[in-house]
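*Asks:* Dropping a structure here in structure tokens format, bear with me for questions.
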Amino acid sequence: MTSDLDKLLESLELLAGTGAERRGYLANHGPMAAEALVALGVAGAAPGWTRLYRPILEPEPPERFRLDAADWREHLGDLSRLGDWTALFRRELAERDWLEVLRAWWPRLLPGLAASATHGVIRTAHGVRALTLAGPHPMLVDELAKGLGFWAARYQELPGSPALRGPDPLGVAISRLPRLTPDQIGHGGGISGDLAHLDGLAGFAEGLDRYGAPEAPDAVLDELISAAARVFLARPDAPIEFCHAVTGPAAVRLVLPHLPAEFAAPAVAASWQVVGGIVAAFSPERLDGLDVVLAEPPVAETLVERAVASGDAHVIKLTEAAFREHARTGDAALLHAAYAMADRWP
């Protein structure tokens, strides 16, 4: 573990001073992918990958105006305050245990789970896993501050408040969701910009309410992540959007064991809201047959080799999440999705 930690810390050191985004809306995947490479058992590849990735990144924005406990709500989703949000979490983490800070802020940030196409929660989750395994090293604590700060600055609520007590199983609920039309998306702002159009989509909130989920939160995540992998496989023209429908809820699962039990139900409801939002925004066709029987999954070693060889952060992160979730459910769709992602992403 020490050697793996050294490689992760080396990678984070290479990324020091870089911002959470580049080109106005693209997330900095460096810390997430480096940590995922460590989790995949190829920690030695992380620093080299990071060196190749580092030149495309932009500087971290500075703190401009101090954010205080009294006024944080009005600045949620204000990207111009990204440096201020990161500074707020650095102060909080300097004064309190990281778990205490996480538990205080999770319910505040959860309604904005869609932040940066779920990259806010994903970066937070990778930071949480590193802290859990390696302890409160200052660089790992700072990575958590950056993840939480990014989530807060890109905070994005979607319509609806699903109770998960509807009449339909997940596949039926997905197939019946209303959809944006192709001319409504692709006008700037990336995935987050497109998801914002859901505010005007008639019947979206009601469609979310159609899903009748299992009682156990982990079982809900099992269903959502497996269905998202099948949606991904069914839509080869849109790999990035549907990749996040897998990695976002998988990130929520990484964090839930460190939170109070009562946080789980709202977290899985928000995860369905995001998965449903991605389907409604980026899949104009009705998707049926999500229970398709798949062939034997690819060999694990092959998937890791392909992820590393791709050099792409999304492939690396999806492969790691697919391994983790497949170990729980045995659903071959997850590993097929990882294999397909390596093929689809140039």
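Scheme for the structure tokens: letters A, B, ... for chains in order shown; per-chain residue numbers from 1; ligand numbers from 1 in order shown.
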Within 10 Å of A:Lys7, counting only C-alpha atoms, which residues qualify if same-chain residues fewer than 6 places away don't, as a list of chain:residue names?

*Replies:*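 Near A:Lys7, the qualifying residues are A:Met1, A:Glu13, A:Ala34, A:Glu35, A:Leu37, A:Val38, A:Val42, A:Ala43, A:Gly44, A:Ala45, A:Ala46, A:Pro47, A:Gly48.
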
*Asks:* Got a sec: who's within 9 Å of stretch 115-119 of chain A, counting only C-alpha atoms, leaving out chain neighbours fewer than 2 positions off, as number ranges by chain?

*Replies:* A: 25-29, 77, 112-113, 121-124, 147, 150-157, 190-192, 195, 241, 244-245, 247-249, 251, 274, 278

*Asks:* Using only C-alpha atoms, which of A:Val268, A:Ala33, A:Leu208, A:Leu40 sits nearest A:Glu301?

*Replies:* A:Leu40

*Asks:* Mind checking which residues fall within 8 Å of A:Ala332, counting only C-alpha atoms, ignoring those fewer than 2 positions away in the same chain, and posting them as number ranges by chain?

*Replies:* A: 294-297, 326, 330, 334-336

*Asks:* With DSSP run on the backbone, what are the helix (DSSP H, G or I) residues within stretch 28-248 of chain A? I'd like them as a PyMOL selection string.

*Replies:* chain A and resi 30-39+43-56+73-75+79-95+98-112+115-134+138-153+170-176+182-184+190-200+204-208+217-234+239-248

*Asks:* Can you tell me which residues surround A:Arg328 at a distance of at most 12 Å, considering only C-alpha atoms, apart from same-chain residues fewer than 4 positions away, and format the answer as a list in words?

*Replies:* Asp218, Ala219, Leu221, Asp222, Glu223, Ile225, Ser226, Ala250, Arg253, Ala321, Ala322, Phe323, Arg324, Ala332 and Leu334 of chain A

*Asks:* Filtering to C-alpha atoms, could you give me those residues as a compact mmCIF listing (two decimals), in the first residue's frame?

*Replies:*
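To be explicit, this is the file written out as out_17.txt:
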```
# COMPACT_ATOMS: atom_id res chain seq x y z
CA ASP A 218 -27.62 -0.75 -2.30
CA ALA A 219 -30.19 -2.70 -4.33
CA LEU A 221 -27.83 1.41 -6.91
CA ASP A 222 -27.38 -2.12 -8.29
CA GLU A 223 -30.38 -1.58 -10.55
CA ILE A 225 -25.81 1.15 -12.43
CA SER A 226 -26.63 -2.04 -14.32
CA ALA A 250 -20.95 4.27 -8.52
CA ARG A 253 -21.85 4.09 -3.50
CA ALA A 321 -16.06 1.56 -11.64
CA ALA A 322 -17.19 -1.38 -13.80
CA PHE A 323 -14.78 -3.74 -12.00
CA ARG A 324 -15.99 -2.54 -8.63
CA ALA A 332 -21.59 -8.78 -17.46
CA LEU A 334 -20.59 -3.56 -16.76
```

*Asks:* When you count only C-alpha atoms, which of these residues is closest to A:Val292: A:Leu67, A:Ala36, A:Leu201, A:Ala229?

*Replies:*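 That would be A:Ala229, the residue with the smallest distance to A:Val292.
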